[in-house]
Amino acid sequence: MNPRQAPPRVHYENAAPNSYEWTERAYDLLVAGKLRAGVVTHSGIQTAEVSGECPHCTHDVNFRQVLDAASRENTGTLGARETAADVDYVPLTVACSCTESHTGRPPAVNHGCGVNFRVDVRRNVGTGRDR
Amino acid sequence: MASEPPPPAELPRYRKPPGGPTEANLEDRDRWSALTDQSLASVRAAAEKWRVGLAAYVTLVTGGLFLKGPQAASDLATSWRLALTIPIAGGLLVAIAGLWLALQAAAGTPRRLNLVQVVARFGGVRQFEVAAALQAAALLRWARLLVAVSLLLFVAGLVTWWWAPG
């Protein structure tokens, strides 16, 4: 997307927010380098970060999720339950968290364009900001 | 000479998911975010209960020592007194260390923070809270271990006392 060109204003997605279409488009954007995903580690705490062009609204996805937590039961890491299917990749469920306005956005929601998509990023791939 | 197998080809950075997010995926994500947010409060609350429980255990076992009375110990031969002093005094020291760590896990230590430094070191405030929770959980693990060791020492002291002549 040309940075000088304003992204088209799109309606908040209510009809099919979890459609596979968004995941497919997101994958194409990842391969094209317009969307980036990775897991950064700061002081031992893993955070998934996805930034770049949203497959729906084209604004910055601006998604972060801390993958570590502590609970009364035990400590764990989201996605750490390694099975044969996910040894090599970290599956992320991403929500567009752009800060632009979208018509039709519910009053209780203050960010995003409504879509959710999946990203599978190879393990041990950071964003160059690991510490 | 057999040639070495070729190195495995590096996997692509991204893999195309076979489907879009399911309701379970979305629920997992949202519940995990809530769990992350509650990490510190949850661990602190658990640590407080553990601290009270561990202190009660120590009180219970040391109460057994006082039932027999320090006076009775002074009547023992020096060698038996020494055999009693080591586990009981050791148990007390280890119990104090364990309860101190449990208190630290439950209450934390107030200190000055700087947003820029926190973000630079942990990547964000939420990550800092998770790191603090994990640190408290680690302290609590040590506290439980130390109090368990102290209870064993107290029990060893009590059993030794039972067998002491006089």
# chains A, B, ... in the order shown; residues from 1 in each chain; ligands from 1
$ residues_around --residues "Val119 of chain B" --least-positions-apart "4" --cutoff "12 Å" --atoms "only C-alpha atoms" --output "list in words"
His42, Ser43 and Arg131 of chain A; Leu113, Asn114, Leu115, Gly123, Gly124, Val125, Arg126, Gln127, Phe128 and Glu129 of chain B
$ residues_around --residues "Trp50 of chain B" --least-positions-apart "4" --cutoff "10 Å" --atoms "only C-alpha atoms" --output "list in words"
Arg44, Ala45, Ala46, Leu54, Ala55, Ala56, Leu99, Ala102, Leu103, Ala105, Ala106, Leu140, Ala143 and Arg144 of chain B
$ residues_around --residues "segment 18-24 of chain B" --least-positions-apart "6" --cutoff "8 Å" --atoms "only C-alpha atoms" --output "list in words"
Asn18, Ser19, Tyr20, Glu21, Trp22, Thr23, Thr93, Asn116, Phe117 and Arg118 of chain A
$ select_by_dssp --residues "segment 15-59 of chain A" --states "strand (DSSP E or B)" --output "list in words"
Leu35, Arg36, Ala37, Gly38, Val39, Val40, Thr41, His42, Ile45, Gln46, Thr47, Ala48, Glu49, Val50, Ser51, Gly52 and Glu53 of chain A
$ write_last_selection --atoms "C-alpha atoms" --output "PDB file, in the first residue's frame"
ATOM      1  CA  LEU A  35       2.237  -8.291   7.313  1.00  0.00           C
ATOM      2  CA  ARG A  36       4.753  -9.521   9.884  1.00  0.00           C
ATOM      3  CA  ALA A  37       4.402 -11.958  12.753  1.00  0.00           C
ATOM      4  CA  GLY A  38       6.825 -13.247  15.325  1.00  0.00           C
ATOM      5  CA  VAL A  39       7.355 -14.144  18.938  1.00  0.00           C
ATOM      6  CA  VAL A  40       9.674 -11.862  20.920  1.00  0.00           C
ATOM      7  CA  THR A  41      11.136 -12.725  24.304  1.00  0.00           C
ATOM      8  CA  HIS A  42      11.868 -10.046  26.897  1.00  0.00           C
ATOM      9  CA  ILE A  45       8.381 -13.549  28.777  1.00  0.00           C
ATOM     10  CA  GLN A  46       7.171 -14.451  25.298  1.00  0.00           C
ATOM     11  CA  THR A  47       4.939 -12.070  23.384  1.00  0.00           C
ATOM     12  CA  ALA A  48       3.412 -12.708  19.976  1.00  0.00           C
ATOM     13  CA  GLU A  49       3.399  -9.623  17.799  1.00  0.00           C
ATOM     14  CA  VAL A  50       1.611  -9.171  14.501  1.00  0.00           C
ATOM     15  CA  SER A  51       1.857  -5.870  12.675  1.00  0.00           C
ATOM     16  CA  GLY A  52       1.318  -4.578   9.193  1.00  0.00           C
ATOM     17  CA  GLU A  53      -1.530  -4.560   6.736  1.00  0.00           C
TER      18      GLU A  53
END
$ interface_residues --of "chain B" --to "chain A" --cutoff "7 Å" --atoms "only C-alpha atoms" --output "list in words"
Arg13, Tyr14, Arg15, Lys16, Pro17, Gly19, Gly20, Pro21, Asn25, Leu26, Arg29, Leu35, Thr36, Ser39, Ser42, Val43, Ala46, Arg121, Phe122, Gly123, Gln127, Val130, Ala131, Ala133 and Leu134 of chain B
$ write_last_selection --atoms "N, CA and C atoms" --output "tab-separated table (two decimals), in the first residue's frame"
chain	number	residue	atom	x	y	z
B	13	ARG	N	9.00	-19.44	7.04
B	13	ARG	CA	8.69	-18.63	8.23
B	13	ARG	C	7.21	-18.74	8.61
B	14	TYR	N	6.35	-18.81	7.61
B	14	TYR	CA	4.91	-18.90	7.87
B	14	TYR	C	4.34	-20.14	7.20
B	15	ARG	N	3.30	-20.67	7.81
B	15	ARG	CA	2.60	-21.82	7.25
B	15	ARG	C	1.14	-21.42	7.06
B	16	LYS	N	0.56	-21.87	5.96
B	16	LYS	CA	-0.83	-21.49	5.73
B	16	LYS	C	-1.74	-22.33	6.63
B	17	PRO	N	-2.51	-21.69	7.52
B	17	PRO	CA	-3.40	-22.47	8.40
B	17	PRO	C	-4.48	-23.16	7.56
B	19	GLY	N	-7.55	-23.60	8.24
B	19	GLY	CA	-8.89	-23.03	8.37
B	19	GLY	C	-8.83	-21.73	9.13
B	20	GLY	N	-9.95	-21.06	9.17
B	20	GLY	CA	-10.02	-19.81	9.93
B	20	GLY	C	-10.18	-20.10	11.41
B	21	PRO	N	-10.19	-19.05	12.22
B	21	PRO	CA	-10.33	-19.28	13.67
B	21	PRO	C	-11.69	-19.85	14.03
B	25	ASN	N	-10.95	-21.32	19.34
B	25	ASN	CA	-9.72	-20.51	19.24
B	25	ASN	C	-9.94	-19.13	19.84
B	26	LEU	N	-11.08	-18.52	19.48
B	26	LEU	CA	-11.36	-17.16	19.97
B	26	LEU	C	-11.54	-17.16	21.49
B	29	ARG	N	-8.18	-17.53	23.16
B	29	ARG	CA	-7.43	-16.27	23.12
B	29	ARG	C	-7.93	-15.30	24.19
B	35	LEU	N	-6.50	-14.49	31.76
B	35	LEU	CA	-5.60	-15.20	32.67
B	35	LEU	C	-4.29	-14.43	32.85
B	36	THR	N	-3.80	-13.89	31.75
B	36	THR	CA	-2.57	-13.10	31.80
B	36	THR	C	-2.76	-11.88	32.69
B	39	SER	N	-2.72	-12.76	36.35
B	39	SER	CA	-1.59	-13.56	36.82
B	39	SER	C	-1.08	-13.10	38.17
B	42	SER	N	-3.60	-13.34	41.07
B	42	SER	CA	-3.89	-14.74	41.36
B	42	SER	C	-2.75	-15.38	42.15
B	43	VAL	N	-1.53	-15.14	41.72
B	43	VAL	CA	-0.38	-15.74	42.41
B	43	VAL	C	-0.22	-15.14	43.80
B	46	ALA	N	-2.78	-16.72	46.04
B	46	ALA	CA	-2.41	-18.09	46.36
B	46	ALA	C	-1.25	-18.11	47.36
B	121	ARG	N	12.74	-3.41	29.29
B	121	ARG	CA	13.21	-4.70	29.79
B	121	ARG	C	12.24	-5.84	29.53
B	122	PHE	N	10.94	-5.54	29.68
B	122	PHE	CA	9.95	-6.62	29.60
B	122	PHE	C	9.12	-6.57	28.31
B	123	GLY	N	9.14	-5.46	27.61
B	123	GLY	CA	8.36	-5.36	26.39
B	123	GLY	C	6.98	-4.75	26.61
B	127	GLN	N	3.54	-7.67	30.35
B	127	GLN	CA	4.63	-8.65	30.44
B	127	GLN	C	5.35	-8.53	31.80
B	130	VAL	N	3.31	-10.27	34.38
B	130	VAL	CA	3.46	-11.73	34.28
B	130	VAL	C	4.81	-12.16	34.84
B	131	ALA	N	5.86	-11.38	34.53
B	131	ALA	CA	7.20	-11.71	35.06
B	131	ALA	C	7.19	-11.64	36.58
B	133	ALA	N	4.61	-12.09	38.50
B	133	ALA	CA	3.83	-13.23	38.98
B	133	ALA	C	4.66	-14.51	38.96
B	134	LEU	N	5.42	-14.70	37.88
B	134	LEU	CA	6.26	-15.90	37.79
B	134	LEU	C	7.35	-15.88	38.85
$ select_by_dssp --residues "chain B" --states "alpha helix (DSSP H)" --output "MDAnalysis selection string"
chainID B and resid 23:68 70:74 78:107 115:122 125:163
$ write_last_selection --atoms "C-alpha atoms" --output "CSV table (one decimal), in the first residue's frame"
chain,number,residue,atom,x,y,z
B,23,GLU,CA,-15.1,-20.3,18.4
B,24,ALA,CA,-12.8,-22.4,20.6
B,25,ASN,CA,-9.7,-20.5,19.2
B,26,LEU,CA,-11.4,-17.2,20.0
B,27,GLU,CA,-12.4,-18.3,23.4
B,28,ASP,CA,-8.9,-19.6,24.2
B,29,ARG,CA,-7.4,-16.3,23.1
B,30,ASP,CA,-9.8,-14.2,25.2
B,31,ARG,CA,-9.6,-16.4,28.3
B,32,TRP,CA,-5.8,-16.5,28.0
B,33,SER,CA,-5.8,-12.7,27.9
B,34,ALA,CA,-7.9,-12.6,31.1
B,35,LEU,CA,-5.6,-15.2,32.7
B,36,THR,CA,-2.6,-13.1,31.8
B,37,ASP,CA,-4.2,-10.0,33.3
B,38,GLN,CA,-5.0,-11.9,36.5
B,39,SER,CA,-1.6,-13.6,36.8
B,40,LEU,CA,-0.1,-11.3,39.5
B,41,ALA,CA,-3.3,-11.0,41.6
B,42,SER,CA,-3.9,-14.7,41.4
B,43,VAL,CA,-0.4,-15.7,42.4
B,44,ARG,CA,-0.3,-13.2,45.2
B,45,ALA,CA,-3.6,-14.5,46.6
B,46,ALA,CA,-2.4,-18.1,46.4
B,47,ALA,CA,0.9,-17.1,48.0
B,48,GLU,CA,-1.0,-15.5,50.9
B,49,LYS,CA,-3.0,-18.7,51.5
B,50,TRP,CA,0.1,-20.7,51.4
B,51,ARG,CA,1.9,-18.4,53.8
B,52,VAL,CA,-0.9,-18.7,56.3
B,53,GLY,CA,-1.0,-22.5,55.8
B,54,LEU,CA,2.8,-22.9,56.1
B,55,ALA,CA,2.9,-20.8,59.3
B,56,ALA,CA,0.1,-22.9,60.7
B,57,TYR,CA,2.1,-26.1,60.0
B,58,VAL,CA,5.2,-24.7,61.7
B,59,THR,CA,3.1,-23.6,64.7
B,60,LEU,CA,1.6,-27.0,65.0
B,61,VAL,CA,4.9,-28.8,64.9
B,62,THR,CA,6.8,-26.4,67.1
B,63,GLY,CA,3.8,-26.6,69.6
B,64,GLY,CA,4.7,-30.3,70.0
B,65,LEU,CA,8.2,-29.3,71.1
B,66,PHE,CA,6.9,-26.9,73.7
B,67,LEU,CA,4.5,-29.4,75.1
B,68,LYS,CA,7.4,-31.4,76.4
B,70,PRO,CA,12.5,-26.6,77.3
B,71,GLN,CA,13.1,-27.6,80.9
B,72,ALA,CA,13.0,-31.3,80.0
B,73,ALA,CA,15.7,-30.7,77.4
B,74,SER,CA,18.0,-29.1,79.9
B,78,THR,CA,25.1,-32.9,76.5
B,79,SER,CA,25.4,-35.3,73.6
B,80,TRP,CA,21.6,-35.8,73.5
B,81,ARG,CA,21.1,-32.0,73.8
B,82,LEU,CA,23.4,-31.5,70.9
B,83,ALA,CA,21.5,-34.1,68.9
B,84,LEU,CA,18.3,-32.2,69.6
B,85,THR,CA,19.7,-28.7,69.0
B,86,ILE,CA,20.9,-29.4,65.5
B,87,PRO,CA,17.5,-30.5,64.0
B,88,ILE,CA,15.4,-28.1,66.1
B,89,ALA,CA,17.6,-25.0,65.6
B,90,GLY,CA,18.1,-25.9,62.0
B,91,GLY,CA,14.4,-26.4,61.5
B,92,LEU,CA,13.7,-23.0,63.1
B,93,LEU,CA,16.2,-21.2,60.8
B,94,VAL,CA,14.9,-23.0,57.7
B,95,ALA,CA,11.3,-22.3,58.7
B,96,ILE,CA,12.1,-18.6,59.2
B,97,ALA,CA,13.7,-18.5,55.8
B,98,GLY,CA,10.7,-20.3,54.2
B,99,LEU,CA,8.1,-18.1,55.8
B,100,TRP,CA,10.1,-15.0,54.8
B,101,LEU,CA,10.0,-16.1,51.2
B,102,ALA,CA,6.3,-16.9,51.4
B,103,LEU,CA,5.7,-13.5,52.8
B,104,GLN,CA,7.7,-11.9,50.0
B,105,ALA,CA,5.7,-14.0,47.4
B,106,ALA,CA,2.4,-12.9,49.0
B,107,ALA,CA,3.2,-9.2,49.7
B,115,LEU,CA,7.7,3.0,32.6
B,116,VAL,CA,10.5,3.4,30.0
B,117,GLN,CA,12.7,0.9,31.8
B,118,VAL,CA,9.9,-1.6,32.3
B,119,VAL,CA,8.9,-1.4,28.7
B,120,ALA,CA,12.5,-1.7,27.6
B,121,ARG,CA,13.2,-4.7,29.8
B,122,PHE,CA,10.0,-6.6,29.6
B,125,VAL,CA,3.5,-3.5,31.4
B,126,ARG,CA,1.4,-6.6,31.0
B,127,GLN,CA,4.6,-8.7,30.4
B,128,PHE,CA,6.1,-7.1,33.6
B,129,GLU,CA,3.1,-8.2,35.6
B,130,VAL,CA,3.5,-11.7,34.3
B,131,ALA,CA,7.2,-11.7,35.1
B,132,ALA,CA,6.4,-10.5,38.6
B,133,ALA,CA,3.8,-13.2,39.0
B,134,LEU,CA,6.3,-15.9,37.8
B,135,GLN,CA,8.9,-14.6,40.2
B,136,ALA,CA,6.4,-14.7,43.1
B,137,ALA,CA,5.5,-18.3,42.0
B,138,ALA,CA,9.2,-19.2,42.1
B,139,LEU,CA,9.6,-17.7,45.6
B,140,LEU,CA,6.5,-19.6,46.7
B,141,ARG,CA,8.0,-22.9,45.4
B,142,TRP,CA,11.2,-22.2,47.4
B,143,ALA,CA,9.1,-21.3,50.5
B,144,ARG,CA,7.2,-24.5,50.3
B,145,LEU,CA,10.4,-26.5,49.9
B,146,LEU,CA,12.1,-24.8,52.8
B,147,VAL,CA,9.1,-25.2,55.1
B,148,ALA,CA,8.8,-28.8,54.2
B,149,VAL,CA,12.5,-29.3,55.1
B,150,SER,CA,12.0,-27.4,58.4
B,151,LEU,CA,9.0,-29.7,59.3
B,152,LEU,CA,11.1,-32.7,58.6
B,153,LEU,CA,13.8,-31.3,60.9
B,154,PHE,CA,11.3,-30.6,63.6
B,155,VAL,CA,9.9,-34.1,63.4
B,156,ALA,CA,13.4,-35.5,63.5
B,157,GLY,CA,14.0,-33.4,66.6
B,158,LEU,CA,10.8,-34.6,68.3
B,159,VAL,CA,11.6,-38.3,67.5
B,160,THR,CA,15.1,-37.8,68.8
B,161,TRP,CA,13.6,-36.4,72.0
B,162,TRP,CA,11.3,-39.3,72.5
B,163,TRP,CA,14.3,-41.7,72.4
$ residues_around --residues "segment 105-113 of chain A" --least-positions-apart "2" --cutoff "10 Å" --atoms "only C-alpha atoms" --output "ChimeraX atom specification"
/A:10-14,17,54,56-63,95-103,115-116
$ write_last_selection --atoms "C-alpha atoms" --output "mmCIF file, in the first residue's frame"
data_model
loop_
_atom_site.group_PDB
_atom_site.id
_atom_site.type_symbol
_atom_site.label_atom_id
_atom_site.label_comp_id
_atom_site.auth_asym_id
_atom_site.auth_seq_id
_atom_site.Cartn_x
_atom_site.Cartn_y
_atom_site.Cartn_z
ATOM 1 C CA VAL A 10 -14.401 -0.216 5.348
ATOM 2 C CA HIS A 11 -17.365 -1.160 7.446
ATOM 3 C CA TYR A 12 -16.820 -3.032 10.706
ATOM 4 C CA GLU A 13 -17.083 -6.730 9.847
ATOM 5 C CA ASN A 14 -20.110 -8.281 11.487
ATOM 6 C CA PRO A 17 -15.585 -11.951 11.106
ATOM 7 C CA CYS A 54 -4.850 -5.933 7.950
ATOM 8 C CA HIS A 56 -9.725 -6.540 5.799
ATOM 9 C CA CYS A 57 -9.231 -2.835 6.473
ATOM 10 C CA THR A 58 -5.522 -2.539 5.465
ATOM 11 C CA HIS A 59 -4.760 -0.537 8.618
ATOM 12 C CA ASP A 60 -1.991 -1.655 10.954
ATOM 13 C CA VAL A 61 -3.173 -4.845 12.689
ATOM 14 C CA ASN A 62 -1.282 -3.818 15.831
ATOM 15 C CA PHE A 63 -1.863 -7.145 17.614
ATOM 16 C CA ALA A 95 -7.722 -9.893 15.905
ATOM 17 C CA CYS A 96 -7.347 -6.668 13.994
ATOM 18 C CA SER A 97 -6.572 -4.087 16.669
ATOM 19 C CA CYS A 98 -6.217 -1.038 14.467
ATOM 20 C CA THR A 99 -6.982 2.307 16.025
ATOM 21 C CA GLU A 100 -8.805 3.744 13.013
ATOM 22 C CA SER A 101 -12.547 4.284 13.111
ATOM 23 C CA HIS A 102 -14.900 1.918 11.331
ATOM 24 C CA THR A 103 -18.580 2.491 10.789
ATOM 25 C CA VAL A 115 -11.967 -9.593 11.724
ATOM 26 C CA ASN A 116 -10.090 -12.482 13.253
#
$ atom_distance --atom1 "atom CA of Leu29 of chain A" --atom2 "atom CA of Pro12 of chain B"
14.4 Å
$ atom_distance --atom1 "atom CA of Gly114 of chain A" --atom2 "atom CA of Arg25 of chain A"
15.0 Å
